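One structure below.
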Amino acid sequence: MTSRCYDDGFGATLELQEIDGVLYPYYNVDLPSQLSNIRDMHVRKDDVILCTYPKAGTHWMWEVLTMLVNRTSTYSHYMKRTAMLETVDLHLLQKEPSPRVLNTHLLPHALPEMTWSSGCHVVVCHRNPKDISVSLYNMARQLSRSSFRSAFEGTYHGYARLFLNGTAPHGSWFDYVRAWETKRRELPRNQVYVSSYEVMTREPVEETARLASFLGLNVPDSLCRDIAQACSFDNLKEACLQKVGAPTFWKPGSSGIFRKGKVGDWKNWMSDDLSAAFDNAVTSRLHDIDNDFIYEL
């Protein structure tokens, strides 16, 4: 493990750790050991593993999937953090009853080796990079640096520069999208489902039904409607205030995990030049990826 401190070009820095060539934030675990243990972890056939880049709707999608596999629109008592591979006690996780809905920001090669042979379902959820960069920045600046070393105290313009350079928590968003698209092409269609934050926003009931179908669950349309309603931004934000496992590393007065939940908020943060820089980066680095990113609804 190597500690890296990246300058945003405007006087602020972002501290990350590099492990085997990949950048990670400073979680409150011995991450090199955790990553090794994750690789050796036993995966069950009925596990669901949710894979997202940070701020791509992980909490939202995890709650939807948890409700689906339990066939209820009742909220879990816990935050998704209690089932996040990078942070959870893996020994305790192995004692959890099936079906488990796990979640992670890891690249495909860092997942448990059994993932691909177990027959479990993998759900990948993407989000457009402009909104992700804004959401990541707003989270990073609300973190307490005394309790989370990868907090950030600079401007959005500086953070966007770090993001475009791939020097962000969990590394390059571009590399993440490419890695998962490459893996998806290698696997049977019934093992990986690719969704997006924007489609879930635009078609919450329909996408919930499609997820149920992918998981092989025979659930009524009424349950999909109830889940979509329960997991609307305002409802889920309120419910998560009562959950066990909520992070405690926020500055006083911070909005926490849930900020706006909007598609297209990047327009309130980006100059035309910066927006064009993101467009050019997507075109040049993901030109062969079959994924049309949605930037506004």
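Ligands are numbered from 1 in the order shown, residues from 1 within each chain, and chains are lettered A, B, ... in the order they appear in the structure tokens.
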Please identify every residue of stretch 161-245 of chain A that has at least one atom no farther than 12 Å from an atom of stretch 35-54 of chain A, counting only C-alpha atoms, and for each give the shortest atom pair and the distance in Å to one decimal, arranged by chain then increasing number, as a tab-separated table.
residue	atom	partner	partner_atom	distance
A:Phe163	CA	A:Pro54	CA	11.9
A:Ala168	CA	A:Pro54	CA	9.8
A:Pro169	CA	A:Pro54	CA	7.7
A:His170	CA	A:Tyr53	CA	7.5
A:Gly171	CA	A:Tyr53	CA	9.3
A:Ser172	CA	A:Tyr53	CA	9.3
A:Trp173	CA	A:Tyr53	CA	6.9
A:Phe174	CA	A:Tyr53	CA	10.1
A:Asp175	CA	A:Tyr53	CA	10.4
A:Tyr176	CA	A:Tyr53	CA	7.1
A:Val177	CA	A:Tyr53	CA	8.5
A:Arg178	CA	A:Tyr53	CA	11.8
A:Ala179	CA	A:Tyr53	CA	11.4
A:Trp180	CA	A:Cys51	CA	9.1
A:Gln191	CA	A:Val48	CA	10.0
A:Val192	CA	A:Ile49	CA	9.6
A:Tyr193	CA	A:Leu50	CA	9.7
A:Val194	CA	A:Cys51	CA	9.5
A:Ser195	CA	A:Thr52	CA	10.0
A:Ser196	CA	A:Thr52	CA	9.6
A:Tyr197	CA	A:Thr52	CA	10.2
A:Leu211	CA	A:Val48	CA	11.1
A:Ala212	CA	A:Val48	CA	11.6
A:Phe214	CA	A:Val48	CA	10.9
A:Leu215	CA	A:Val48	CA	8.3
A:Gly216	CA	A:Asp46	CA	10.5
A:Leu217	CA	A:Asp46	CA	11.5
Just C-alpha atoms for this one: save the residues we selected as a PDB file, in the first residue's frame.
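Okay, selection_10.pdb is ready:
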ATOM      1  CA  PHE A 163     -11.848  13.226 -11.396  1.00  0.00           C
ATOM      2  CA  ALA A 168     -10.502   9.979  -7.356  1.00  0.00           C
ATOM      3  CA  PRO A 169     -11.759   7.511  -4.744  1.00  0.00           C
ATOM      4  CA  HIS A 170     -11.759   4.073  -6.403  1.00  0.00           C
ATOM      5  CA  GLY A 171      -9.751   5.430  -9.287  1.00  0.00           C
ATOM      6  CA  SER A 172     -10.867   6.338 -12.766  1.00  0.00           C
ATOM      7  CA  TRP A 173     -14.575   6.278 -13.526  1.00  0.00           C
ATOM      8  CA  PHE A 174     -13.621   5.660 -17.155  1.00  0.00           C
ATOM      9  CA  ASP A 175     -11.575   2.591 -16.212  1.00  0.00           C
ATOM     10  CA  TYR A 176     -14.443   1.374 -14.029  1.00  0.00           C
ATOM     11  CA  VAL A 177     -16.981   1.558 -16.852  1.00  0.00           C
ATOM     12  CA  ARG A 178     -14.590  -0.121 -19.292  1.00  0.00           C
ATOM     13  CA  ALA A 179     -13.704  -2.918 -16.867  1.00  0.00           C
ATOM     14  CA  TRP A 180     -17.333  -3.785 -16.244  1.00  0.00           C
ATOM     15  CA  GLN A 191     -25.415 -13.371 -14.749  1.00  0.00           C
ATOM     16  CA  VAL A 192     -24.913  -9.609 -15.089  1.00  0.00           C
ATOM     17  CA  TYR A 193     -27.564  -6.911 -15.356  1.00  0.00           C
ATOM     18  CA  VAL A 194     -26.510  -3.355 -16.177  1.00  0.00           C
ATOM     19  CA  SER A 195     -28.796  -0.581 -14.973  1.00  0.00           C
ATOM     20  CA  SER A 196     -28.326   3.149 -14.529  1.00  0.00           C
ATOM     21  CA  TYR A 197     -29.218   5.876 -12.083  1.00  0.00           C
ATOM     22  CA  LEU A 211     -34.590  -6.271 -11.937  1.00  0.00           C
ATOM     23  CA  ALA A 212     -37.059  -8.746 -10.459  1.00  0.00           C
ATOM     24  CA  PHE A 214     -33.379 -10.736 -13.944  1.00  0.00           C
ATOM     25  CA  LEU A 215     -33.243 -12.172 -10.420  1.00  0.00           C
ATOM     26  CA  GLY A 216     -35.809 -14.805 -11.373  1.00  0.00           C
ATOM     27  CA  LEU A 217     -38.362 -13.454  -8.919  1.00  0.00           C
TER      28      LEU A 217
END
From a DSSP calculation on the backbone, collect every residue of stretch 145-251 of chain A in strand (DSSP E or B) and output the set as a PyMOL selection string. chain A and resi 192-196+244+250
As an exercise, work out the distance from atom CA of A:Leu143 to atom CA of A:Phe278 in Å and give it to one decimal place.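 That distance, rounded to one decimal, is 25.3 Å.
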Report, in Å with one decimal, the straight-line distance from atom CA of A:Glu181 to atom CA of A:Asp290. 8.1 Å
Find the spatial neighbours of stretch 73-88 of chain A, counting only C-alpha atoms, within a cut-off of 9 Å - ignore same-chain residues fewer than 2 positions away - and output them as a ChimeraX atom specification. /A:27-29,31,34-35,38,58-59,62-64,66-68,70-71,90-93,100-106,111,223-224,226-231,236,239-240,242-247
Using DSSP on the backbone coordinates, identify the residues of stretch 151-278 of chain A assigned to alpha helix (DSSP H); present them as a PyMOL selection string. chain A and resi 156-164+173-186+197-202+204-214+221-230+233-240+272-278
Between atom CA of A:Leu23 and atom CA of A:Met1 - distance in Å to one decimal: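 It comes out at 9.8 Å.
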Do you know which residues are at most 7 Å from A:Ser150 counting only C-alpha atoms, after dropping those on the same chain fewer than 3 positions away, and could you put them as a list in words?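 That gives Leu14, Glu15, Leu16, Pro25 and Tyr26 of chain A.
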Kindly save the residues from that selection, with all heavy atoms included, as a compact mmCIF listing (two decimals), in the first residue's frame.
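Full text of result32.txt as output:
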# COMPACT_ATOMS: atom_id res chain seq x y z
N LEU A 14 -6.06 15.86 -2.33
CA LEU A 14 -6.90 14.71 -2.03
C LEU A 14 -5.99 13.53 -1.70
O LEU A 14 -5.14 13.16 -2.51
CB LEU A 14 -7.80 14.36 -3.22
CG LEU A 14 -8.68 13.12 -3.08
CD1 LEU A 14 -9.69 13.30 -1.94
CD2 LEU A 14 -9.41 12.83 -4.39
N GLU A 15 -6.16 12.95 -0.52
CA GLU A 15 -5.30 11.86 -0.08
C GLU A 15 -6.00 10.51 -0.33
O GLU A 15 -7.13 10.30 0.09
CB GLU A 15 -4.98 12.00 1.41
CG GLU A 15 -3.95 11.00 1.90
CD GLU A 15 -3.55 11.21 3.35
OE1 GLU A 15 -4.13 12.12 3.99
OE2 GLU A 15 -2.68 10.47 3.83
N LEU A 16 -5.29 9.65 -1.03
CA LEU A 16 -5.81 8.33 -1.37
C LEU A 16 -4.73 7.29 -1.10
O LEU A 16 -3.57 7.64 -0.90
CB LEU A 16 -6.23 8.27 -2.84
CG LEU A 16 -7.29 9.28 -3.30
CD1 LEU A 16 -7.40 9.28 -4.81
CD2 LEU A 16 -8.65 8.95 -2.67
N PRO A 25 -10.13 5.20 -1.26
CA PRO A 25 -10.17 6.12 -0.10
C PRO A 25 -9.68 5.39 1.14
O PRO A 25 -9.49 4.17 1.13
CB PRO A 25 -11.67 6.46 0.01
CG PRO A 25 -12.36 5.27 -0.56
CD PRO A 25 -11.47 4.75 -1.65
N TYR A 26 -9.49 6.12 2.20
CA TYR A 26 -9.03 5.53 3.46
C TYR A 26 -10.21 5.05 4.29
O TYR A 26 -10.72 5.77 5.15
CB TYR A 26 -8.19 6.54 4.24
CG TYR A 26 -6.76 6.62 3.75
CD1 TYR A 26 -6.40 7.50 2.74
CD2 TYR A 26 -5.78 5.80 4.29
CE1 TYR A 26 -5.10 7.57 2.28
CE2 TYR A 26 -4.46 5.86 3.84
CZ TYR A 26 -4.13 6.75 2.83
OH TYR A 26 -2.84 6.81 2.38
Please provide the set of residues having any atom within 7 Å of stretch 198-202 of chain A, restricted to only C-alpha atoms, with same-chain residues fewer than 3 positions apart removed, written as a list in words.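 Selected residues are Arg127, Glu207, Val263 and Ile294 of chain A.
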